[in-house]
Amino acid sequence: MRFPAHFVFESLAYIAGFRTYLRARARSGDVIDESSRLWVIAAAIVGAAIGSKILHLLSDPALLLLKWNDPYHLMGGKTIVGGLLGGLIAVELAKLRLGILRRTGDLFVLPLIVGIAVGRIGCFLDGLSDETYGAATALPWGVDFGDGVMRHPTQLYEILWLAIIGLLLRSFARRQQREGDAFRAFMVLYLGFRLLIDFLKPGITLGALTAIQWACLGALVYYGRDLPRLFGAAWEKPAEVR
């Protein structure tokens, strides 16, 4: 029997992410009341689930048109980018409905980094069936996922980049910043990486980019007005108190 790497590590990713969130919340304190927080978390979960499915389906429009009435196809597959964007949209709508003006994303940054990294281990171990592998390469660290072709281990690239994001944001946390800036910085750094790294992955392009890359590009445009502040003055050391 084949080891269900994807299922096991995806489950571990949810557990690790949730445990990390609880620790982060305990250290930072609550920014909103208990009832509102539960609604925000519920919105994030539902939005992420819907967004991850929708973007996955849009990744192959022709196949979607062919199997639009196939429940197995409609329920199968998901994408992290869709989950992030779907969760973001759902949370903002929930906050608008509840009248919450404070930024709530910062507490989710470390749990997202941990959860995505753990989940990518399962993607790597699952091989070709996971469809997150890279294109063929002659580089010495290429990996044969079972078809005799040495490929970019893009899952490992992503884990490494998530570790770098974590280190960058740790430094970022010591700078003066606005509430919510850590989450914005995470989204820009992760989605910018996905926009670039997905050029190394096989996929159906719509124009010059895949559906996931178009989603990343759209989100980066959305965050564009924040870039000078996030990666300019926000990274500078605060002035010394005299």
# chains A, B, ... in the order shown; residues from 1 in each chain; ligands from 1
$ residues_around --residues "A:Ser52" --least-positions-apart "5" --cutoff "7 Å" --atoms "only C-alpha atoms" --output "list in words"
Lys78, Thr79, Ile80, Val81, Gly82, Gly83 and Gly86 of chain A
$ residues_around --residues "A:Trp214" --least-positions-apart "5" --cutoff "12 Å" --atoms "only C-alpha atoms" --output "compact mmCIF listing (two decimals) with N, CA and C atoms, in the first residue's frame"
# COMPACT_ATOMS: atom_id res chain seq x y z
N LEU A 55 -10.02 28.58 -8.20
CA LEU A 55 -8.80 28.86 -8.97
C LEU A 55 -8.22 27.59 -9.58
N LEU A 58 -10.23 26.89 -12.67
CA LEU A 58 -9.93 27.84 -13.74
C LEU A 58 -8.55 27.61 -14.34
N SER A 59 -7.74 26.79 -13.68
CA SER A 59 -6.40 26.51 -14.21
C SER A 59 -6.45 25.72 -15.51
N VAL A 81 -2.75 29.50 -3.64
CA VAL A 81 -2.99 30.90 -4.00
C VAL A 81 -4.48 31.22 -3.95
N GLY A 82 -5.30 30.32 -4.49
CA GLY A 82 -6.74 30.52 -4.43
C GLY A 82 -7.24 30.54 -3.01
N LEU A 191 3.17 35.76 -2.96
CA LEU A 191 2.53 35.79 -4.28
C LEU A 191 3.52 36.21 -5.36
N GLY A 192 4.47 37.09 -5.00
CA GLY A 192 5.51 37.45 -5.96
C GLY A 192 6.36 36.24 -6.32
N ARG A 194 5.34 33.07 -6.15
CA ARG A 194 4.53 32.15 -6.95
C ARG A 194 4.40 32.63 -8.39
N LEU A 195 4.30 33.93 -8.57
CA LEU A 195 4.23 34.47 -9.93
C LEU A 195 5.47 34.06 -10.73
N LEU A 196 6.63 34.09 -10.08
CA LEU A 196 7.88 33.77 -10.77
C LEU A 196 8.12 32.26 -10.86
N ASP A 198 6.17 29.77 -10.82
CA ASP A 198 5.26 28.99 -11.65
C ASP A 198 5.65 28.98 -13.12
N PHE A 199 6.61 29.84 -13.50
CA PHE A 199 7.18 29.73 -14.85
C PHE A 199 7.97 28.44 -14.99
N ILE A 204 -1.25 25.20 -18.06
CA ILE A 204 -1.97 25.77 -19.20
C ILE A 204 -1.98 27.28 -19.06
N THR A 205 -1.45 27.97 -20.05
CA THR A 205 -1.38 29.43 -19.98
C THR A 205 -2.61 30.06 -20.63
N LEU A 206 -3.02 31.15 -20.06
CA LEU A 206 -4.10 31.98 -20.59
C LEU A 206 -3.46 33.31 -20.95
N GLY A 207 -3.07 33.46 -22.21
CA GLY A 207 -2.20 34.56 -22.55
C GLY A 207 -0.77 34.11 -22.25
N ALA A 208 -0.04 34.89 -21.50
CA ALA A 208 1.34 34.53 -21.18
C ALA A 208 1.46 33.85 -19.83
N LEU A 209 0.37 33.84 -19.04
CA LEU A 209 0.43 33.35 -17.67
C LEU A 209 -0.63 32.29 -17.42
N ALA A 219 -3.37 40.33 -7.41
CA ALA A 219 -3.20 40.64 -5.99
C ALA A 219 -2.03 41.59 -5.77
N LEU A 220 -0.94 41.42 -6.52
CA LEU A 220 0.21 42.30 -6.38
C LEU A 220 -0.14 43.72 -6.83
N VAL A 221 -0.97 43.85 -7.85
CA VAL A 221 -1.44 45.17 -8.26
C VAL A 221 -2.28 45.79 -7.14
$ select_by_dssp --residues "stretch 96-238 of chain A" --states "strand (DSSP E)" --output "PyMOL selection string"
chain A and resi 143-144+150-151+205-206+209-210
$ atom_distance --atom1 "atom CA of A:Phe18" --atom2 "atom CA of A:Ile113"
11.4 Å
$ residues_around --residues "A:Leu160" --least-positions-apart "6" --cutoff "12 Å" --atoms "only C-alpha atoms" --output "ChimeraX atom specification"
/A:113-114,116-118,120-121,153-154,166-167,190,193
$ write_last_selection --atoms "C-alpha atoms" --output "PDB file, in the first residue's frame"
ATOM      1  CA  ILE A 113       4.153  29.991   6.738  1.00  0.00           C
ATOM      2  CA  VAL A 114       4.283  26.874   8.914  1.00  0.00           C
ATOM      3  CA  ILE A 116       2.173  25.841   3.776  1.00  0.00           C
ATOM      4  CA  ALA A 117       5.720  24.588   4.389  1.00  0.00           C
ATOM      5  CA  VAL A 118       4.520  21.386   6.071  1.00  0.00           C
ATOM      6  CA  ARG A 120       4.628  21.194   0.635  1.00  0.00           C
ATOM      7  CA  ILE A 121       6.583  18.307   2.146  1.00  0.00           C
ATOM      8  CA  PRO A 153      11.898  20.402  -6.999  1.00  0.00           C
ATOM      9  CA  THR A 154       9.698  23.496  -6.860  1.00  0.00           C
ATOM     10  CA  GLY A 166       9.826  34.050   8.080  1.00  0.00           C
ATOM     11  CA  LEU A 167      13.296  35.484   8.738  1.00  0.00           C
ATOM     12  CA  TYR A 190       4.664  34.821  -1.275  1.00  0.00           C
ATOM     13  CA  PHE A 193       7.424  34.198  -5.547  1.00  0.00           C
TER      14      PHE A 193
END
$ atom_distance --atom1 "atom CA of A:Gly232" --atom2 "atom CA of A:Phe183"
16.0 Å
